[in-house]
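What follows is a short report on a single structure.
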Amino acid sequence: MRGFIFKDLLLSLLHNKLRTLFALLGVLFGVVSLVLIVAAIEGSSLLANRVIEKLGPDSVLIISGSIKKGPRSGFQNLTLEDVKEIGKLEGIFALTYGVVKPMTVSDVSNSKFTSVFGVGENWLLSWNYRVEEGRGFTESDFKNLRKVAVIGHDVADFFWPGESPIGKIILIGKVPFKVIGLYAKKGKTPNGHNLDDRVFIPFPVFDRLVEKTYGHISIIRFRVFNMAEYNQIVKETRQILLKRHKPDEFMIITPVVVKKFLSMLSATLAFFLGIASTTALVVGGFVLSSIFYINIYVRQWEIGLRRALGATKGDILKRFLYEAVVIALLASLLGNVLGYFAIKFILPLLNIPVVYPVEAFVVATLFTLGVCLFAVYFPARKASSFEPVSALRRKV
Amino acid sequence: MALIELKNIRKVYRQGDLEVEVLKGIDLTVERGEFVSIVGPSGSGKSTLMYILGCLDRPTSGEYYLDGKNVLKLPDDEVSKLRAEYIGFVFQAFYLIPYLTVLDNVLLPVSYLPKSERKKRFADKSPQQKAVELLTRLGLKERLNFKPEELSGGQKQRTAIARALINSPEVILADEPTGQLDSESSREVMRIFKELHSEGKTVIVVTHDPEVAKHAQRIVKIRDGRVVE
């Protein structure tokens, strides 16, 4: 008999195609945005973790200017003097520094726009650039002001596709540099910067031959041996820098700061998406409710008939709630599929890693079920309270 | 004990300030196996009486015993069950569900029968078997999978009769069953009722048409809310 009841239910939904369709559409957008929002939150926290991982949990990064503009904006408030002072701190290693300039490099026939970094000695080590071919910088490169460069794959493949770049010459500005090393592919940063499209040269050479900085740099970075001392070291670093700089001239970026910043971003995102999807679902609920209200009046005689055949009020109530469940499940199914595509195509636009968390689909389904049941409960209760006799007389 | 016993049934409808007394104290007893027709002009209260007999409507005052059960004292759910178990309705407008096939329309009341009763009543035959049997008997064997819209009026009413019979109820309660049928189909429907009566079923037909009424074994005339004969 359960099979018959189910068949009866499905056939009636099919018979009222347009109603079912509108009800479905009403709820659908809510489901899609719910799936998207949960995935976006999940993705953002993944992004935060990735950024921290890239940064190194034991690292301290000091940049010129504010975090919003980033080290690429050309602020060069920090100096080699700062590096020297920080170098006196105990318990740190892999201290390095750098300055970056987006500019054109060329060989005889081609030229390419890329990022040229003037870097301190430990740069490659400190940032985990693995030299794949050739060699990294040595002390003597710095001492003798050698015009040498370590480059990324994208640069090498642009100028010398299919060839080894080692020993080749590139012009930075008008100055020829010899390529001594090629570092292994690193891909993109979580923020979308291409790490393989970079050219590193020793800072003293950069300062003298590419662009006069007068010892000004934009990035200082070091790592901490003992995590227990981390906060103390960050505090001392700030004191050192404050001796020579105003508080808004530099920014100390630690994993904690990054996490705070990113979670602030994702909280904002969650807030707006949350409002959007809640609105969509509430509107969907209202739509569903009105559609059912209209429907129960159209089908009044049918309700009267079922009552005459022995249906209790509870049977009528249940019947409409089952219809709501079927609609909710259909909407969830469809919404989850659309949500999947929304994740796939919308999250990349927001620079959020694409993730398909199971929670997103489960939460969306359960929430939809709840909203549908709630929305249909009122018309369903109304339908169950129809007087059988007057309902029967409403045959249209 | 009589199957149906109505005692001093009154029904008052209130329309704004106006009170209309549709039934003014009806006493009626129907024994098991009787074929009764209730006749009266429109507005006489016969439809209201039918709905009260069918436990679909409650009188303003009076007493109603169905198979000894005091219907008016029972809660709504119990009354619903009573309808499923005791009463098979046949309506003037057929009331077939448009999206169900003939066979499924006939099976519909089974889904509202309490489980224990279902087991008891369909112990020998499954509901499907019984529905097919009933429809075959009523000449609808070839129409099992038709939708109601594909049927003629007579076929629709025969489907409705099969639906009324599926749960093996005590009483068949028909409200103007021939109201929308041509004379040939009407005769056919009345012949079926007579046949059911001869098999021992209790049949009550409510009609305004004396021609239809005379098929019955007993005629109850209603006028102006009272039994006049």
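Ordered as shown in the structure tokens, chains take letters A, B, and onward, while each chain numbers its residues from 1 and ligands are numbered from 1 in the order shown.
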Quiz prompt | Contacts of B:Ser111 at 8 Å (only C-alpha atoms; same-chain gap of 5+ positions) as a PyMOL selection string | solution = chain A and resi 1+4-5
Self-check item: Contacts of stretch 53-70 of chain B at 9 Å (only C-alpha atoms; same-chain gap of 2+ positions) as number ranges by chain
Solution: A: 307-308, 387-389; B: 1-13, 23, 25-26, 48-51, 72-74, 79-80, 82-83, 86-89, 173
For C-alpha atoms, I'd like the residues from the last selection saved as a short mmCIF file (atom, residue, chain, number, x, y, z; two decimals), in the first residue's frame.
data_model
loop_
_atom_site.label_atom_id
_atom_site.label_comp_id
_atom_site.auth_asym_id
_atom_site.auth_seq_id
_atom_site.Cartn_x
_atom_site.Cartn_y
_atom_site.Cartn_z
CA ARG A 307 -11.92 12.64 3.45
CA ALA A 308 -15.12 10.93 2.29
CA GLU A 387 -15.02 20.65 6.12
CA PRO A 388 -15.45 17.58 3.89
CA VAL A 389 -18.95 18.58 2.81
CA MET B 1 -30.01 -3.92 15.97
CA ALA B 2 -30.56 -1.64 12.99
CA LEU B 3 -27.56 -0.71 10.88
CA ILE B 4 -28.49 2.96 10.83
CA GLU B 5 -30.54 4.76 13.42
CA LEU B 6 -31.17 8.50 13.29
CA LYS B 7 -33.03 10.11 16.17
CA ASN B 8 -34.47 13.58 15.99
CA ILE B 9 -31.74 14.95 13.73
CA ARG B 10 -31.77 18.70 13.36
CA LYS B 11 -29.43 20.78 11.25
CA VAL B 12 -29.27 24.54 11.38
CA TYR B 13 -27.16 26.59 9.01
CA LEU B 23 -33.48 19.39 8.93
CA GLY B 25 -36.11 16.52 13.46
CA ILE B 26 -35.55 13.48 11.29
CA THR B 48 -27.68 17.36 4.07
CA LEU B 49 -29.28 14.20 5.37
CA MET B 50 -27.11 12.13 3.06
CA TYR B 51 -23.94 13.81 4.28
CA LEU B 72 -21.67 11.92 17.07
CA LYS B 73 -19.71 11.12 20.23
CA LEU B 74 -16.65 9.87 18.33
CA VAL B 79 -15.32 8.99 12.29
CA SER B 80 -12.91 9.05 9.35
CA LEU B 82 -15.77 4.66 10.20
CA ARG B 83 -16.25 6.14 6.74
CA TYR B 86 -18.65 1.28 6.63
CA ILE B 87 -19.52 3.61 3.80
CA GLY B 88 -19.04 3.57 0.07
CA PHE B 89 -19.91 6.87 -1.57
CA LEU B 173 -24.53 5.78 -0.17
#
Up to 6 Å from chain A, what residues of chain B turn up? Count only C-alpha atoms and give them as an mmCIF file with C-alpha atoms, in the first residue's frame.
data_model
loop_
_atom_site.group_PDB
_atom_site.id
_atom_site.type_symbol
_atom_site.label_atom_id
_atom_site.label_comp_id
_atom_site.auth_asym_id
_atom_site.auth_seq_id
_atom_site.Cartn_x
_atom_site.Cartn_y
_atom_site.Cartn_z
ATOM 1 C CA ASP B 77 -10.273 10.479 13.366
ATOM 2 C CA SER B 80 -12.907 9.049 9.349
ATOM 3 C CA LYS B 81 -12.077 5.411 9.964
ATOM 4 C CA ARG B 83 -16.253 6.140 6.737
ATOM 5 C CA ALA B 84 -13.474 4.001 5.305
ATOM 6 C CA PRO B 109 -10.036 3.937 -0.563
ATOM 7 C CA TYR B 112 -7.300 4.965 3.908
#
Residues within 8 Å of stretch 223-229 of chain B, only C-alpha atoms, excluding chain neighbours under 6 positions, as a compact mmCIF listing (two decimals) with N, CA and C atoms, in the first residue's frame:
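Result file is selection-v1.txt:
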# COMPACT_ATOMS: atom_id res chain seq x y z
N GLU B 21 -33.08 26.39 9.21
CA GLU B 21 -33.18 25.03 9.73
C GLU B 21 -33.46 24.11 8.56
N VAL B 22 -32.44 23.37 8.17
CA VAL B 22 -32.57 22.51 6.98
C VAL B 22 -33.23 21.19 7.33
N LEU B 23 -32.85 20.62 8.47
CA LEU B 23 -33.48 19.39 8.93
C LEU B 23 -34.18 19.67 10.26
N LYS B 24 -35.45 19.31 10.27
CA LYS B 24 -36.23 19.70 11.45
C LYS B 24 -36.68 18.49 12.26
N GLY B 25 -35.75 17.66 12.63
CA GLY B 25 -36.11 16.52 13.46
C GLY B 25 -36.42 15.30 12.63
N ILE B 26 -35.37 14.66 12.14
CA ILE B 26 -35.55 13.48 11.29
C ILE B 26 -35.33 12.22 12.12
N ASP B 27 -36.26 11.29 12.02
CA ASP B 27 -36.07 9.95 12.59
C ASP B 27 -36.04 8.98 11.44
N GLY B 40 -36.87 13.87 -2.59
CA GLY B 40 -37.37 15.17 -2.18
C GLY B 40 -36.94 16.19 -3.20
N PRO B 41 -37.65 17.28 -3.27
CA PRO B 41 -37.25 18.33 -4.20
C PRO B 41 -35.94 18.97 -3.73
N GLY B 43 -33.52 21.45 -2.11
CA GLY B 43 -33.77 22.34 -0.98
C GLY B 43 -34.56 21.68 0.13
N SER B 44 -34.87 20.40 -0.06
CA SER B 44 -35.67 19.73 0.98
C SER B 44 -34.80 19.27 2.14
N GLY B 45 -33.47 19.30 1.93
CA GLY B 45 -32.58 18.85 3.00
C GLY B 45 -32.09 17.44 2.81
N LYS B 46 -32.42 16.83 1.68
CA LYS B 46 -32.03 15.42 1.49
C LYS B 46 -30.51 15.26 1.34
Practice problem: Excluding stretch 219-223 of chain A and any residue of its chain fewer than 2 positions from it, enumerate the residues within 8 Å of it, using only C-alpha atoms, and give them as a list in words. | Solution: Asp58, Ser59, Val60, Leu61, Ile62, Ile63, Ser64, Pro71, Leu78, Val83, Ile92, Phe93, Ala94, Leu95, Thr96, Tyr97, Gly98, Val99, Ser126, Ile217 and Phe225 of chain A
Include C-alpha atoms and write out the residues we just selected as a PDB file, in the first residue's frame.
ATOM      1  CA  ASP A  58      57.836  29.935  11.669  1.00  0.00           C
ATOM      2  CA  SER A  59      58.443  32.914   9.412  1.00  0.00           C
ATOM      3  CA  VAL A  60      58.276  36.633   9.990  1.00  0.00           C
ATOM      4  CA  LEU A  61      57.778  38.839   6.965  1.00  0.00           C
ATOM      5  CA  ILE A  62      58.231  42.579   7.065  1.00  0.00           C
ATOM      6  CA  ILE A  63      57.002  44.611   4.153  1.00  0.00           C
ATOM      7  CA  SER A  64      57.060  48.272   3.295  1.00  0.00           C
ATOM      8  CA  PRO A  71      55.264  44.742  -1.498  1.00  0.00           C
ATOM      9  CA  LEU A  78      62.900  49.571   4.808  1.00  0.00           C
ATOM     10  CA  VAL A  83      68.324  44.153   8.167  1.00  0.00           C
ATOM     11  CA  ILE A  92      66.500  33.654  14.082  1.00  0.00           C
ATOM     12  CA  PHE A  93      67.816  32.214  10.833  1.00  0.00           C
ATOM     13  CA  ALA A  94      67.475  32.528   7.047  1.00  0.00           C
ATOM     14  CA  LEU A  95      67.374  36.301   7.302  1.00  0.00           C
ATOM     15  CA  THR A  96      67.002  37.858   3.900  1.00  0.00           C
ATOM     16  CA  TYR A  97      65.642  40.879   2.155  1.00  0.00           C
ATOM     17  CA  GLY A  98      64.639  42.066  -1.264  1.00  0.00           C
ATOM     18  CA  VAL A  99      63.196  44.658  -3.499  1.00  0.00           C
ATOM     19  CA  SER A 126      64.590  31.303   2.889  1.00  0.00           C
ATOM     20  CA  ILE A 217      64.282  47.609   0.273  1.00  0.00           C
ATOM     21  CA  PHE A 225      64.232  28.594  15.536  1.00  0.00           C
TER      22      PHE A 225
END
Exercise. Considering only C-alpha atoms, state which residue in the set B:Glu117, B:Asp182, B:Glu195, B:Asp76 is at the smallest distance from B:Gln157.
Key: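 Nearest candidate to B:Gln157 out of B:Glu117, B:Asp182, B:Glu195, B:Asp76: B:Asp182.
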Quiz prompt | Surrounding residues of A:Ser332 excluding itself and chain neighbours under 2 positions, 9 Å, only C-alpha atoms, as a ChimeraX atom specification | solution = /A:27-28,31-32,327-330,334-337,361,364-366,368-369
Got time to write the residues from that selection, C-alpha atoms, as a PDB file, in the first residue's frame?
ATOM      1  CA  VAL A  27      13.508  26.914  -3.761  1.00  0.00           C
ATOM      2  CA  LEU A  28      16.275  26.129  -6.201  1.00  0.00           C
ATOM      3  CA  VAL A  31      19.812  25.669  -2.460  1.00  0.00           C
ATOM      4  CA  VAL A  32      22.431  26.735  -4.983  1.00  0.00           C
ATOM      5  CA  ILE A 327       9.696  18.970  -3.976  1.00  0.00           C
ATOM      6  CA  ALA A 328      12.434  19.721  -1.448  1.00  0.00           C
ATOM      7  CA  LEU A 329      14.396  16.624  -2.416  1.00  0.00           C
ATOM      8  CA  LEU A 330      14.040  17.379  -6.114  1.00  0.00           C
ATOM      9  CA  LEU A 334      18.947  19.873  -8.811  1.00  0.00           C
ATOM     10  CA  GLY A 335      20.344  22.606  -6.581  1.00  0.00           C
ATOM     11  CA  ASN A 336      23.282  20.453  -5.550  1.00  0.00           C
ATOM     12  CA  VAL A 337      24.128  19.755  -9.171  1.00  0.00           C
ATOM     13  CA  PHE A 361      25.528  19.501   0.031  1.00  0.00           C
ATOM     14  CA  ALA A 364      21.802  22.680   1.734  1.00  0.00           C
ATOM     15  CA  THR A 365      19.626  19.578   1.553  1.00  0.00           C
ATOM     16  CA  LEU A 366      18.657  19.616   5.219  1.00  0.00           C
ATOM     17  CA  THR A 368      15.849  23.111   2.137  1.00  0.00           C
ATOM     18  CA  LEU A 369      13.910  20.244   3.625  1.00  0.00           C
TER      19      LEU A 369
END
Self-check item: strand (DSSP E) residues, from DSSP on the backbone, in stretch 15-172 of chain B, as a ChimeraX atom specification
Solution: /B:15,18-30,35-39,61-66,69-70,87-90,171-172
Exercise. DSSP on the backbone, then: every residue of stretch 34-196 of chain B marked helix (DSSP H, G or I), written as a ChimeraX atom specification.
Key: /B:46-53,71-73,76-86,102-112,115-121,127-137,141-143,148-150,153-165,183-196
Please produce a file of those selected residues containing C-alpha atoms, as a PDB file, in the first residue's frame.
ATOM      1  CA  LYS B  46     -32.032  15.423   1.488  1.00  0.00           C
ATOM      2  CA  SER B  47     -28.402  16.151   0.566  1.00  0.00           C
ATOM      3  CA  THR B  48     -27.676  17.356   4.066  1.00  0.00           C
ATOM      4  CA  LEU B  49     -29.280  14.201   5.369  1.00  0.00           C
ATOM      5  CA  MET B  50     -27.111  12.135   3.058  1.00  0.00           C
ATOM      6  CA  TYR B  51     -23.940  13.811   4.284  1.00  0.00           C
ATOM      7  CA  ILE B  52     -24.973  13.228   7.869  1.00  0.00           C
ATOM      8  CA  LEU B  53     -25.694   9.570   7.073  1.00  0.00           C
ATOM      9  CA  VAL B  71     -21.162   8.430  15.711  1.00  0.00           C
ATOM     10  CA  LEU B  72     -21.670  11.921  17.075  1.00  0.00           C
ATOM     11  CA  LYS B  73     -19.708  11.120  20.235  1.00  0.00           C
ATOM     12  CA  ASP B  76     -12.946  13.104  14.071  1.00  0.00           C
ATOM     13  CA  ASP B  77     -10.273  10.479  13.366  1.00  0.00           C
ATOM     14  CA  GLU B  78     -12.549   7.665  14.504  1.00  0.00           C
ATOM     15  CA  VAL B  79     -15.320   8.989  12.292  1.00  0.00           C
ATOM     16  CA  SER B  80     -12.907   9.049   9.349  1.00  0.00           C
ATOM     17  CA  LYS B  81     -12.077   5.411   9.964  1.00  0.00           C
ATOM     18  CA  LEU B  82     -15.774   4.661  10.205  1.00  0.00           C
ATOM     19  CA  ARG B  83     -16.253   6.140   6.737  1.00  0.00           C
ATOM     20  CA  ALA B  84     -13.474   4.001   5.305  1.00  0.00           C
ATOM     21  CA  GLU B  85     -14.889   0.849   6.886  1.00  0.00           C
ATOM     22  CA  TYR B  86     -18.652   1.278   6.635  1.00  0.00           C
ATOM     23  CA  VAL B 102      -9.471   3.697 -13.431  1.00  0.00           C
ATOM     24  CA  LEU B 103      -7.790   0.891 -11.494  1.00  0.00           C
ATOM     25  CA  ASP B 104      -5.954   3.292  -9.172  1.00  0.00           C
ATOM     26  CA  ASN B 105      -9.078   5.330  -8.553  1.00  0.00           C
ATOM     27  CA  VAL B 106     -10.784   2.148  -7.426  1.00  0.00           C
ATOM     28  CA  LEU B 107      -7.830   1.283  -5.181  1.00  0.00           C
ATOM     29  CA  LEU B 108      -7.718   4.708  -3.535  1.00  0.00           C
ATOM     30  CA  PRO B 109     -10.036   3.937  -0.563  1.00  0.00           C
ATOM     31  CA  VAL B 110      -7.857   0.961   0.393  1.00  0.00           C
ATOM     32  CA  SER B 111      -5.044   3.339   1.319  1.00  0.00           C
ATOM     33  CA  TYR B 112      -7.300   4.965   3.908  1.00  0.00           C
ATOM     34  CA  LYS B 115      -4.121  -1.540   8.534  1.00  0.00           C
ATOM     35  CA  SER B 116      -5.803  -4.206  10.638  1.00  0.00           C
ATOM     36  CA  GLU B 117      -9.018  -3.861   8.647  1.00  0.00           C
ATOM     37  CA  ARG B 118      -7.058  -3.973   5.414  1.00  0.00           C
ATOM     38  CA  LYS B 119      -5.497  -7.270   6.412  1.00  0.00           C
ATOM     39  CA  LYS B 120      -8.877  -8.681   7.363  1.00  0.00           C
ATOM     40  CA  ARG B 121     -10.762  -7.519   4.301  1.00  0.00           C
ATOM     41  CA  PRO B 127      -6.783  -5.163  -3.399  1.00  0.00           C
ATOM     42  CA  GLN B 128      -5.610  -5.281  -7.020  1.00  0.00           C
ATOM     43  CA  GLN B 129      -7.312  -8.630  -7.645  1.00  0.00           C
ATOM     44  CA  LYS B 130     -10.487  -7.405  -6.093  1.00  0.00           C
ATOM     45  CA  ALA B 131     -10.444  -4.130  -8.004  1.00  0.00           C
ATOM     46  CA  VAL B 132      -9.946  -5.940 -11.301  1.00  0.00           C
ATOM     47  CA  GLU B 133     -12.784  -8.314 -10.403  1.00  0.00           C
ATOM     48  CA  LEU B 134     -15.142  -5.474  -9.558  1.00  0.00           C
ATOM     49  CA  LEU B 135     -14.260  -3.546 -12.702  1.00  0.00           C
ATOM     50  CA  THR B 136     -14.663  -6.663 -14.810  1.00  0.00           C
ATOM     51  CA  ARG B 137     -18.043  -7.274 -13.310  1.00  0.00           C
ATOM     52  CA  LYS B 141     -12.261  -4.733 -17.908  1.00  0.00           C
ATOM     53  CA  GLU B 142     -10.925  -3.053 -21.039  1.00  0.00           C
ATOM     54  CA  ARG B 143     -10.642   0.321 -19.318  1.00  0.00           C
ATOM     55  CA  PRO B 148     -11.184   9.242 -16.146  1.00  0.00           C
ATOM     56  CA  GLU B 149     -11.258  11.843 -18.927  1.00  0.00           C
ATOM     57  CA  GLU B 150     -11.240   9.009 -21.463  1.00  0.00           C
ATOM     58  CA  GLY B 153     -20.365   9.315 -18.025  1.00  0.00           C
ATOM     59  CA  GLY B 154     -21.752   5.845 -17.454  1.00  0.00           C
ATOM     60  CA  GLN B 155     -18.264   4.361 -17.329  1.00  0.00           C
ATOM     61  CA  LYS B 156     -17.169   7.024 -14.865  1.00  0.00           C
ATOM     62  CA  GLN B 157     -20.071   6.254 -12.572  1.00  0.00           C
ATOM     63  CA  ARG B 158     -19.404   2.517 -12.789  1.00  0.00           C
ATOM     64  CA  THR B 159     -15.792   3.230 -11.841  1.00  0.00           C
ATOM     65  CA  ALA B 160     -17.058   5.226  -8.885  1.00  0.00           C
ATOM     66  CA  ILE B 161     -19.306   2.323  -7.890  1.00  0.00           C
ATOM     67  CA  ALA B 162     -16.354  -0.044  -8.029  1.00  0.00           C
ATOM     68  CA  ARG B 163     -14.462   2.401  -5.823  1.00  0.00           C
ATOM     69  CA  ALA B 164     -17.396   2.470  -3.390  1.00  0.00           C
ATOM     70  CA  LEU B 165     -17.337  -1.334  -3.216  1.00  0.00           C
ATOM     71  CA  SER B 183     -31.326   7.447 -19.430  1.00  0.00           C
ATOM     72  CA  GLU B 184     -29.649   4.275 -20.605  1.00  0.00           C
ATOM     73  CA  SER B 185     -26.660   4.696 -18.296  1.00  0.00           C
ATOM     74  CA  SER B 186     -29.052   5.638 -15.503  1.00  0.00           C
ATOM     75  CA  ARG B 187     -30.960   2.400 -15.922  1.00  0.00           C
ATOM     76  CA  GLU B 188     -27.671   0.500 -15.955  1.00  0.00           C
ATOM     77  CA  VAL B 189     -26.526   2.150 -12.729  1.00  0.00           C
ATOM     78  CA  MET B 190     -29.841   1.448 -11.005  1.00  0.00           C
ATOM     79  CA  ARG B 191     -29.696  -2.164 -12.203  1.00  0.00           C
ATOM     80  CA  ILE B 192     -26.275  -2.439 -10.547  1.00  0.00           C
ATOM     81  CA  PHE B 193     -27.661  -1.057  -7.285  1.00  0.00           C
ATOM     82  CA  LYS B 194     -30.523  -3.535  -7.414  1.00  0.00           C
ATOM     83  CA  GLU B 195     -28.083  -6.344  -8.033  1.00  0.00           C
ATOM     84  CA  LEU B 196     -25.958  -5.241  -5.081  1.00  0.00           C
TER      85      LEU B 196
END
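Going from atom CA of B:Ser198 over to atom CA of B:Asp124, you cover 22.8 Å.
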Exercise. Using only C-alpha atoms, determine which residues lie at most 10 Å from A:Glu90, disregarding the query and same-chain residues fewer than 5 positions distant; provide the list as a ChimeraX atom specification.
Key: /A:224-225,229,233
Could you take the residues named above and write them with C-alpha atoms, as a PDB file, in the first residue's frame?
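Once written, part-v7.pdb looks like this:
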ATOM      1  CA  VAL A 224      62.448  31.621  14.054  1.00  0.00           C
ATOM      2  CA  PHE A 225      64.232  28.594  15.536  1.00  0.00           C
ATOM      3  CA  GLU A 229      60.164  32.595  21.324  1.00  0.00           C
ATOM      4  CA  ILE A 233      61.002  38.003  18.635  1.00  0.00           C
TER       5      ILE A 233
END
